Amino acid sequence: MSIEFRKVTKRYGDVRSPLVVRGIDLTVPKGTLTTILGPSGCGKTTTLRMIAGLDAPSSGQVLIDGADVTLLGPAERNVSMVFQSYALFPHMSVIENVGYGLTVTGVGKASTLQRARATMESVGLAGFDERLPSELSGGQQQRVAVARSLVLEPSVMLFDEPLSNLDARLRRSMREEIRTLQQRLKLTVAYVTHDQSEALAVSDQIIVMDAGLIAQAGTPRQLYEQPGSEFVAGFMGEALLFSATAHSDGSVRLGPLSLRPRRAVAPGPVKVAVRPEAWAVGEARPGALAAGLLKTACLGSHQELTLSTEPGEIFVVSPDVGRTWRTGETLGLTQAGGGVSVVAAGAGPKSQ
Amino acid sequence: MPAGRTQGRWLLAGAGLGLTGLLISGFTIGAAGWSHEWLNTAFGALPGGQFGIGLGGALALLALLMLLGAGLARLGYFRGDLFIAGAVVFCAALLLLFVALPVGKSLIGAFLDEAGSLSATALADRLAQERVWGLNCLVGGVRCGVAWNTLFLALLTATGTTLMGTLIALYAERGNRRLTKPLNVLALLPIITPPFVVGLGLILLFGRAGLVNQGLEWAFGIPPTRWFYGLFGVWLAQMFAFTPIALMIMRGVVQGISPGMEEAAQTLRASRLKTFTTVTLPLMKPGLANAFLVGFIESMADFGNPIVVGGQFAVLSTDIFFAIVGAQYDQGRAASLALILTGFALTVFFIQQRVLGKTSYTTLSGKGDAGLVMPLPDGVRKLCLAIAGPWLMFTVAVYGFAFAGGFVQTWGRDYTPTLAHFRTAFDLQWGAGSGAGLGASGLVWAGTAWNSLFTTVKLAAIAAPICASIGLLISWLLARTRFAGQRLFEFSALLASAIPGTVLGVSYVLAFNAPPFELTGTGIIIVLCFVFRSLPVGVRAGTASFKQLDKSLDEASAMLRAGTATTLRRVVLPLLKPALAAALVCSFVRSMTTVSAVIFLVTAENELATTYIIGRVGNGDYGVALAYCTVLIVLMSAATALIQFLVGERKLGRRQAS
């Protein structure tokens, strides 16, 4: 285990101020990438800063590579961090920025230069040595920030929403680069984001946080397919939640529909989470959920539909882009396959 | 022993034992045996006393303090950071020893009656006097109490200097770029002159023998009067003296405003004027409040101007001076006046804190920002020009007269040009042959002013770097670290800034004239006085800059395994260059030009430039005084330029408007 939290809490200010992190245990296995995911204000950045040593826990222990580092400062922990704002030193050139960690730890000049150059090359920044950060584009600044933390070969690398300042296309390629780099160098990475698709794309493990607590931790697949609570189901993949009734044969009744969840549950009232891609849209017919088409948008690869039904408005993603969709027409919704999971009724504090 | 809590406890115990021992032995045994009578009766008289703490003692004290810091850090305070722990303990000890102790000692004097025992009525009697709180001037009487005078003057000066400083800063940074350079020189002039130069220049203009009065007499037959001496004169002199300080603060603030925000506002269809009023000005708000506060405190603490042009208009600082130095020698009265003055200063500070709350405008972010600064809106530019322009012209005129005063025989009577005053003060001779019995050969510093000049430069040059580094260190500790007791720490740093020079000077004389800290009459006490007198400027310059520096820059450096000290040296300091330069310049210049604090501390061997000049002015020897001032101005411009050059500009790679 590379990073381990034991019953960590954090409050800013004196004992009267509220807890930002309300007692969490987490582990980040060596050589894996773990994302900490959650809405803003859930305590994910605070958690990251406690790994970094920038904030000290109010109680509990932080362990890195088995050693208790709770009381150590950031410089003594063998971690490095890429900041959301990049925090490049505006008065230093790119090469000085990248080499900074080496110079201040007493590495010789020649070796610093060589290692900094090599790292810059590995992130695709060769030849930018003498530029100032303000003369670089957003993506280049991001690479400098990554190179600057990489050059120290830390045992743990932290990313604080590293892609939030980039445009969509760059975001995708940068997140792939980060993932490739992590796998190639077998880095242990903790990565904070509020974007669930980013989390799903890069992670070995996802930790979903809500209101200072860990809502659920697991592989991307587990979280997506077996959300443990309403909150996780809502947060992962825009699933909509419905009140339904489970039957003893394992099916769940939602209005006229009979849904098949992945796991059977005890009979009784339940909450069922259905993802936008789990719906099949067809002509209105008996046994299907009647739905009026409100809005539609073609995104090239798929069609986004907003439908009004008896349980409420439903957002659906349909692969059928060939069909002509007309607002106002009446359609029928059925279950297409997976993407339906049952959450025990009232299992989460929030629903979205 | 491994680093940890146990080690911390041992360190703490050792340091505590050492410090207690040192202080007990220091405070109980005076120069002539036991310091307190009851010790004599308890242990019998000592055969001899002891001297004050010397260099070795100071070193031991420092070492013990560092051990204390290390111990606290090991116990988990200050997030375990040895550097921060050491810095906090060090700064706290400095503030305690050189501000709290002397000032506390002298302020307690306000509670002592004639016999020297504590008495509440003594304080009440002194505080409630008509001379302090009277409001006669409002109902047609002759004068108001000194407290009201001081407040009113400070309000006028602070408002005026903030406004003027802001206008000039805006015009210099955002207006006509071609005028920036000459404006710089002109605006710097008041900074590098002793405060009373302005007073003297104004007297040459408006005084009884001044040009204006003489002109009026010649043209209209109006007999010259002393109309200029009083509130108006002091206010005008303070405007010249303190506007540059506001200007320095505001320039840093204007430079730090990220162009991106203004560009954003303009793309949101805000006109230039709208952008200026809704984005630029609000971003400057902490800076404005800061400039106002500094102006207010400077004005309240000012001594040189009220004493030169105040006439019958009394303020607290001059009253304190006369209470100590004058025939009355009433230490209790001086202390109670100082108490009022300190109370005012603290009140101002808390009002400012309340108004500003915890607003922080981080405009120099870690993300490289590119953008063009917005030129000033036309209306604002014209306003700046209309107000700042005449002020600058007037400045030139006043300085012109002050210069001229050093080159004429006797102002008002005999305008023959002469260099005689310079010869008196700064004569140089070749000693060979011209033996006055000493047989000196080579260069002889024959002028009467050389001695005081050398002393002043030496002491100010020692004080400036010390003051700048401590000031920036304190502002960094306040802005970037969180530790238990920080509020208290901030309060003591603030107390240092609220102490007027007169009070500080008197306190030093009273507190450091006996063991264990026996410094009276030495150069060290003057250096210390310089340092702690200019400290607030350094702290404020630093605080204003830190408000605009993204905190994640420090954190990024820490993450890259730079120790706290390295982070300060490699990242913070280069980005703080403007503040560092300001702190160095201000400290040096203030030390060279201060009168109030050091007037009690100088001795024959440690005479300073300002006290020498004041002495000359007292003798009516305006020519030599003004000649000396001219030399000081030249010297300090050279020093300022040198400091600016040595520190250099910070490079941020922002695009320049072509």
# chains A, B, ... in the order shown; residues from 1 in each chain; ligands from 1
>>> residues_around(residues="Val79 in chain A", least_positions_apart="2", cutoff="7 Å", atoms="only C-alpha atoms", output="ChimeraX atom specification")
/A:52,77,81,154-157 /B:559
>>> residues_around(residues="Gly237 in chain A", least_positions_apart="2", cutoff="12 Å", atoms="only C-alpha atoms", output="MDAnalysis selection string")
chainID A and resid 195:200 220:221 223:227 231:235 239:241 273:278 315:317 339:340 352
>>> write_last_selection(atoms="C-alpha atoms", output="PDB file, in the first residue's frame")
ATOM      1  CA  ASP A 195     -15.508  15.019 -13.852  1.00  0.00           C
ATOM      2  CA  GLN A 196     -16.771  11.436 -13.714  1.00  0.00           C
ATOM      3  CA  SER A 197     -15.883  10.612 -17.320  1.00  0.00           C
ATOM      4  CA  GLU A 198     -12.314  11.729 -16.679  1.00  0.00           C
ATOM      5  CA  ALA A 199     -12.277   9.530 -13.586  1.00  0.00           C
ATOM      6  CA  LEU A 200     -13.683   6.543 -15.461  1.00  0.00           C
ATOM      7  CA  PRO A 220     -14.534   2.151 -12.365  1.00  0.00           C
ATOM      8  CA  ARG A 221     -16.661  -0.805 -13.422  1.00  0.00           C
ATOM      9  CA  LEU A 223     -18.808   2.034  -9.314  1.00  0.00           C
ATOM     10  CA  TYR A 224     -20.550   2.357 -12.611  1.00  0.00           C
ATOM     11  CA  GLU A 225     -22.438  -0.888 -12.489  1.00  0.00           C
ATOM     12  CA  GLN A 226     -22.995  -1.406  -8.795  1.00  0.00           C
ATOM     13  CA  PRO A 227     -23.365   1.977  -7.185  1.00  0.00           C
ATOM     14  CA  PHE A 231     -25.556   9.588  -4.513  1.00  0.00           C
ATOM     15  CA  VAL A 232     -22.999   7.436  -6.291  1.00  0.00           C
ATOM     16  CA  ALA A 233     -25.543   6.245  -8.817  1.00  0.00           C
ATOM     17  CA  GLY A 234     -26.527   9.809  -9.568  1.00  0.00           C
ATOM     18  CA  PHE A 235     -23.000  11.089  -9.698  1.00  0.00           C
ATOM     19  CA  ALA A 239     -28.238   7.906 -13.889  1.00  0.00           C
ATOM     20  CA  LEU A 240     -31.807   8.856 -13.044  1.00  0.00           C
ATOM     21  CA  LEU A 241     -33.421   7.418  -9.971  1.00  0.00           C
ATOM     22  CA  ALA A 273     -31.016   3.869 -11.119  1.00  0.00           C
ATOM     23  CA  VAL A 274     -31.260   3.803 -14.879  1.00  0.00           C
ATOM     24  CA  ARG A 275     -28.513   5.220 -17.063  1.00  0.00           C
ATOM     25  CA  PRO A 276     -29.250   7.288 -20.162  1.00  0.00           C
ATOM     26  CA  GLU A 277     -27.852   4.582 -22.458  1.00  0.00           C
ATOM     27  CA  ALA A 278     -29.887   1.816 -20.785  1.00  0.00           C
ATOM     28  CA  PHE A 315     -32.653  11.925 -20.323  1.00  0.00           C
ATOM     29  CA  VAL A 316     -31.795   9.260 -22.888  1.00  0.00           C
ATOM     30  CA  VAL A 317     -28.777   8.636 -25.101  1.00  0.00           C
ATOM     31  CA  GLY A 339     -27.157   0.036 -17.024  1.00  0.00           C
ATOM     32  CA  VAL A 340     -29.904  -0.615 -14.504  1.00  0.00           C
ATOM     33  CA  GLN A 352     -29.582  13.780  -8.313  1.00  0.00           C
TER      34      GLN A 352
END
>>> interface_residues(of="chain A", to="chain B", cutoff="6 Å", atoms="only C-alpha atoms", output="short mmCIF file (atom, residue, chain, number, x, y, z; two decimals) with N, CA and C atoms, in the first residue's frame")
data_model
loop_
_atom_site.label_atom_id
_atom_site.label_comp_id
_atom_site.auth_asym_id
_atom_site.auth_seq_id
_atom_site.Cartn_x
_atom_site.Cartn_y
_atom_site.Cartn_z
N PRO A 74 5.66 18.73 3.54
CA PRO A 74 5.62 18.25 2.16
C PRO A 74 7.00 17.88 1.61
N ALA A 75 8.04 18.61 2.06
CA ALA A 75 9.36 18.37 1.50
C ALA A 75 9.95 17.04 1.97
N SER A 80 4.98 14.53 -4.93
CA SER A 80 4.98 15.80 -5.64
C SER A 80 3.60 16.03 -6.23
N SER A 85 -3.81 25.41 -10.71
CA SER A 85 -3.39 26.63 -11.41
C SER A 85 -2.00 26.46 -12.01
N ALA A 87 0.75 26.70 -10.89
CA ALA A 87 1.71 27.32 -9.97
C ALA A 87 3.12 27.31 -10.52
N LEU A 88 3.26 27.61 -11.81
CA LEU A 88 4.62 27.74 -12.36
C LEU A 88 5.20 29.04 -11.85
N PRO A 90 6.57 32.35 -12.07
CA PRO A 90 6.51 33.24 -13.24
C PRO A 90 7.84 33.91 -13.55
N HIS A 91 8.77 33.92 -12.59
CA HIS A 91 10.03 34.62 -12.83
C HIS A 91 11.13 33.68 -13.29
N GLY A 101 13.20 21.53 -8.47
CA GLY A 101 13.20 20.52 -7.41
C GLY A 101 14.56 19.88 -7.26
N VAL A 104 17.17 22.61 -5.64
CA VAL A 104 16.99 22.87 -4.21
C VAL A 104 17.30 21.65 -3.36
N PRO A 133 6.99 30.98 -18.44
CA PRO A 133 5.67 30.34 -18.41
C PRO A 133 4.59 31.16 -19.11
N SER A 134 4.70 32.49 -18.99
CA SER A 134 3.64 33.32 -19.58
C SER A 134 3.69 33.29 -21.10
#
>>> residues_around(residues="range 293-307 of chain A", least_positions_apart="2", cutoff="8 Å", atoms="only C-alpha atoms", output="list in words")
Ala291, Thr309, Glu313, Ile314, Phe315, Val316, Val317, Ser318, Pro319, Asp320, Val321, Trp325, Arg326, Thr327, Gly328, Glu329, Thr330 and Leu331 of chain A
>>> residues_around(residues="Thr456 in chain B", least_positions_apart="2", cutoff="8 Å", atoms="only C-alpha atoms", output="VMD selection string")
chain B and resid 452 to 454 458 to 460 592 607 to 609
>>> write_last_selection(atoms="N, CA and C atoms", output="JSON list (two decimals), in the first residue's frame")
[["chain", "number", "residue", "atom", "x", "y", "z"],
["B", 452, "SER", "N", 28.84, 63.87, 11.76],
["B", 452, "SER", "CA", 27.46, 63.43, 11.89],
["B", 452, "SER", "C", 27.00, 62.70, 10.63],
["B", 453, "LEU", "N", 27.50, 63.14, 9.48],
["B", 453, "LEU", "CA", 27.09, 62.50, 8.22],
["B", 453, "LEU", "C", 27.57, 61.06, 8.18],
["B", 454, "PHE", "N", 28.85, 60.85, 8.51],
["B", 454, "PHE", "CA", 29.39, 59.49, 8.47],
["B", 454, "PHE", "C", 28.63, 58.58, 9.43],
["B", 458, "LYS", "N", 26.43, 55.34, 8.23],
["B", 458, "LYS", "CA", 26.85, 54.03, 8.72],
["B", 458, "LYS", "C", 25.70, 53.33, 9.45],
["B", 459, "LEU", "N", 25.08, 54.04, 10.38],
["B", 459, "LEU", "CA", 24.02, 53.42, 11.18],
["B", 459, "LEU", "C", 22.80, 53.07, 10.32],
["B", 460, "ALA", "N", 22.45, 53.98, 9.38],
["B", 460, "ALA", "CA", 21.28, 53.72, 8.54],
["B", 460, "ALA", "C", 21.55, 52.54, 7.61],
["B", 592, "MET", "N", 17.77, 57.80, 7.84],
["B", 592, "MET", "CA", 18.59, 58.99, 7.60],
["B", 592, "MET", "C", 17.85, 60.25, 8.03],
["B", 607, "GLU", "N", 26.49, 61.81, 17.01],
["B", 607, "GLU", "CA", 25.56, 62.82, 16.53],
["B", 607, "GLU", "C", 25.08, 62.45, 15.14],
["B", 608, "LEU", "N", 23.82, 62.70, 14.87],
["B", 608, "LEU", "CA", 23.24, 62.35, 13.58],
["B", 608, "LEU", "C", 22.98, 63.60, 12.76],
["B", 609, "ALA", "N", 22.81, 63.37, 11.45],
["B", 609, "ALA", "CA", 22.63, 64.48, 10.53],
["B", 609, "ALA", "C", 21.43, 65.33, 10.92]]
>>> select_by_dssp(residues="range 72-241 of chain A", states="alpha helix (DSSP H)", output="PyMOL selection string")
chain A and resi 94-104+109-122+138-150+168-185+196-202+220-225+230-235
>>> write_last_selection(atoms="C-alpha atoms", output="PDB file, in the first residue's frame")
ATOM      1  CA  VAL A  94      10.815  26.597 -18.234  1.00  0.00           C
ATOM      2  CA  ILE A  95      14.075  24.783 -17.655  1.00  0.00           C
ATOM      3  CA  GLU A  96      14.548  26.554 -14.323  1.00  0.00           C
ATOM      4  CA  ASN A  97      11.026  25.597 -13.331  1.00  0.00           C
ATOM      5  CA  VAL A  98      11.551  21.954 -14.208  1.00  0.00           C
ATOM      6  CA  GLY A  99      14.991  21.815 -12.635  1.00  0.00           C
ATOM      7  CA  TYR A 100      13.872  23.629  -9.480  1.00  0.00           C
ATOM      8  CA  GLY A 101      13.204  20.521  -7.414  1.00  0.00           C
ATOM      9  CA  LEU A 102      16.646  19.179  -8.299  1.00  0.00           C
ATOM     10  CA  THR A 103      18.592  22.364  -7.592  1.00  0.00           C
ATOM     11  CA  VAL A 104      16.994  22.871  -4.210  1.00  0.00           C
ATOM     12  CA  LYS A 109      24.245  21.763 -12.116  1.00  0.00           C
ATOM     13  CA  ALA A 110      25.141  19.521 -15.026  1.00  0.00           C
ATOM     14  CA  SER A 111      23.090  16.620 -13.784  1.00  0.00           C
ATOM     15  CA  THR A 112      20.137  18.913 -13.066  1.00  0.00           C
ATOM     16  CA  LEU A 113      20.212  20.257 -16.584  1.00  0.00           C
ATOM     17  CA  GLN A 114      20.452  16.813 -18.085  1.00  0.00           C
ATOM     18  CA  ARG A 115      17.649  15.328 -16.013  1.00  0.00           C
ATOM     19  CA  ALA A 116      15.413  18.340 -16.549  1.00  0.00           C
ATOM     20  CA  ARG A 117      15.976  18.124 -20.308  1.00  0.00           C
ATOM     21  CA  ALA A 118      15.226  14.405 -20.321  1.00  0.00           C
ATOM     22  CA  THR A 119      11.996  14.888 -18.386  1.00  0.00           C
ATOM     23  CA  MET A 120      10.921  17.707 -20.640  1.00  0.00           C
ATOM     24  CA  GLU A 121      11.526  15.526 -23.617  1.00  0.00           C
ATOM     25  CA  SER A 122       9.415  12.766 -22.136  1.00  0.00           C
ATOM     26  CA  GLY A 138      -2.247  26.248 -21.569  1.00  0.00           C
ATOM     27  CA  GLY A 139      -1.332  22.725 -22.625  1.00  0.00           C
ATOM     28  CA  GLN A 140       2.368  23.522 -22.601  1.00  0.00           C
ATOM     29  CA  GLN A 141       2.093  25.056 -19.139  1.00  0.00           C
ATOM     30  CA  GLN A 142       0.384  21.870 -18.034  1.00  0.00           C
ATOM     31  CA  ARG A 143       3.250  19.785 -19.396  1.00  0.00           C
ATOM     32  CA  VAL A 144       5.789  21.961 -17.612  1.00  0.00           C
ATOM     33  CA  ALA A 145       3.856  21.452 -14.390  1.00  0.00           C
ATOM     34  CA  VAL A 146       3.862  17.671 -14.920  1.00  0.00           C
ATOM     35  CA  ALA A 147       7.535  17.608 -15.892  1.00  0.00           C
ATOM     36  CA  ARG A 148       8.414  19.680 -12.846  1.00  0.00           C
ATOM     37  CA  SER A 149       6.853  17.141 -10.494  1.00  0.00           C
ATOM     38  CA  LEU A 150       8.067  14.127 -12.457  1.00  0.00           C
ATOM     39  CA  ALA A 168     -11.929  19.573 -24.358  1.00  0.00           C
ATOM     40  CA  ARG A 169      -9.704  18.053 -27.017  1.00  0.00           C
ATOM     41  CA  LEU A 170      -6.543  18.847 -25.127  1.00  0.00           C
ATOM     42  CA  ARG A 171      -8.156  17.507 -22.004  1.00  0.00           C
ATOM     43  CA  ARG A 172      -8.654  14.131 -23.603  1.00  0.00           C
ATOM     44  CA  SER A 173      -5.125  13.869 -24.980  1.00  0.00           C
ATOM     45  CA  MET A 174      -3.548  15.156 -21.758  1.00  0.00           C
ATOM     46  CA  ARG A 175      -5.493  12.691 -19.671  1.00  0.00           C
ATOM     47  CA  GLU A 176      -4.290   9.890 -21.926  1.00  0.00           C
ATOM     48  CA  GLU A 177      -0.741  11.166 -21.645  1.00  0.00           C
ATOM     49  CA  ILE A 178      -0.972  11.245 -17.880  1.00  0.00           C
ATOM     50  CA  ARG A 179      -2.350   7.719 -17.848  1.00  0.00           C
ATOM     51  CA  THR A 180       0.327   6.417 -20.228  1.00  0.00           C
ATOM     52  CA  LEU A 181       3.051   8.113 -18.233  1.00  0.00           C
ATOM     53  CA  GLN A 182       1.675   6.649 -15.012  1.00  0.00           C
ATOM     54  CA  GLN A 183       1.594   3.134 -16.445  1.00  0.00           C
ATOM     55  CA  ARG A 184       4.984   3.407 -18.102  1.00  0.00           C
ATOM     56  CA  LEU A 185       6.723   4.669 -14.976  1.00  0.00           C
ATOM     57  CA  GLN A 196     -16.771  11.436 -13.714  1.00  0.00           C
ATOM     58  CA  SER A 197     -15.883  10.612 -17.320  1.00  0.00           C
ATOM     59  CA  GLU A 198     -12.314  11.729 -16.679  1.00  0.00           C
ATOM     60  CA  ALA A 199     -12.277   9.530 -13.586  1.00  0.00           C
ATOM     61  CA  LEU A 200     -13.683   6.543 -15.461  1.00  0.00           C
ATOM     62  CA  ALA A 201     -11.151   6.969 -18.242  1.00  0.00           C
ATOM     63  CA  VAL A 202      -7.936   7.078 -16.248  1.00  0.00           C
ATOM     64  CA  PRO A 220     -14.534   2.151 -12.365  1.00  0.00           C
ATOM     65  CA  ARG A 221     -16.661  -0.805 -13.422  1.00  0.00           C
ATOM     66  CA  GLN A 222     -17.856  -1.541  -9.906  1.00  0.00           C
ATOM     67  CA  LEU A 223     -18.808   2.034  -9.314  1.00  0.00           C
ATOM     68  CA  TYR A 224     -20.550   2.357 -12.611  1.00  0.00           C
ATOM     69  CA  GLU A 225     -22.438  -0.888 -12.489  1.00  0.00           C
ATOM     70  CA  GLU A 230     -28.274   6.989  -4.596  1.00  0.00           C
ATOM     71  CA  PHE A 231     -25.556   9.588  -4.513  1.00  0.00           C
ATOM     72  CA  VAL A 232     -22.999   7.436  -6.291  1.00  0.00           C
ATOM     73  CA  ALA A 233     -25.543   6.245  -8.817  1.00  0.00           C
ATOM     74  CA  GLY A 234     -26.527   9.809  -9.568  1.00  0.00           C
ATOM     75  CA  PHE A 235     -23.000  11.089  -9.698  1.00  0.00           C
TER      76      PHE A 235
END
>>> residues_around(residues="range 615-619 of chain B", least_positions_apart="5", cutoff="12 Å", atoms="only C-alpha atoms", output="list in words")
Phe196, Val197, Gly199, Leu200, Ile203, Gly304, Ile307, Val308, His421, Thr424, Ala425, Thr448, Ala449, Val595, Ile599, Glu607, Leu608, Ala609, Thr610, Val624, Ala625, Leu626, Ala627, Tyr628 and Cys629 of chain B
>>> atom_distance(atom1="CA of Asp55 in chain A", atom2="CA of Leu68 in chain B")
23.8 Å
>>> residues_around(residues="Leu167 in chain B", least_positions_apart="3", cutoff="9 Å", atoms="only C-alpha atoms", output="list in words")
Thr162, Leu163, Met164, Leu170, Tyr171, Ala172, Leu247, Val380, Arg381, Leu383, Cys384, Leu385, Ile387 and Ala388 of chain B
>>> atom_distance(atom1="CA of Gly71 in chain B", atom2="CA of Gln61 in chain A")
22.1 Å
>>> select_by_dssp(residues="range 164-217 of chain A", states="strand (DSSP E)", output="number ranges by chain")
A: 188-193, 205-210, 213-217
>>> write_last_selection(atoms="C-alpha atoms", output="CSV table (one decimal), in the first residue's frame")
chain,number,residue,atom,x,y,z
A,188,THR,CA,1.4,5.8,-7.7
A,189,VAL,CA,-1.0,8.6,-8.4
A,190,ALA,CA,-3.8,10.3,-6.5
A,191,TYR,CA,-5.9,12.4,-8.8
A,192,VAL,CA,-8.6,14.8,-7.8
A,193,THR,CA,-11.4,15.6,-10.3
A,205,GLN,CA,-9.6,2.9,-8.5
A,206,ILE,CA,-12.2,5.5,-7.9
A,207,ILE,CA,-13.0,7.0,-4.5
A,208,VAL,CA,-16.3,8.9,-4.5
A,209,MET,CA,-16.5,11.5,-1.8
A,210,ASP,CA,-19.6,13.2,-0.5
A,213,LEU,CA,-17.1,11.1,3.8
A,214,ILE,CA,-16.2,8.4,1.3
A,215,ALA,CA,-19.4,7.4,-0.4
A,216,GLN,CA,-17.9,4.4,-2.2
A,217,ALA,CA,-14.5,3.1,-3.4
>>> residues_around(residues="Phe512 in chain B", least_positions_apart="5", cutoff="10 Å", atoms="only C-alpha atoms", output="PDB file with C-alpha atoms, in the first residue's frame")
ATOM      1  CA  GLY B  52      24.636  44.745  30.803  1.00  0.00           C
ATOM      2  CA  PHE B  98      12.557  46.014  21.711  1.00  0.00           C
ATOM      3  CA  LEU B 101       9.245  45.857  26.998  1.00  0.00           C
ATOM      4  CA  PRO B 102      10.352  49.500  26.569  1.00  0.00           C
ATOM      5  CA  SER B 507      10.884  54.408  25.896  1.00  0.00           C
ATOM      6  CA  PHE B 517      20.051  45.679  28.533  1.00  0.00           C
ATOM      7  CA  GLU B 518      22.356  48.638  28.879  1.00  0.00           C
ATOM      8  CA  LEU B 519      22.546  50.376  25.545  1.00  0.00           C
ATOM      9  CA  THR B 520      22.083  54.084  26.171  1.00  0.00           C
ATOM     10  CA  GLY B 521      24.715  56.172  24.469  1.00  0.00           C
ATOM     11  CA  ILE B 525      20.505  51.649  20.402  1.00  0.00           C
TER      12      ILE B 525
END
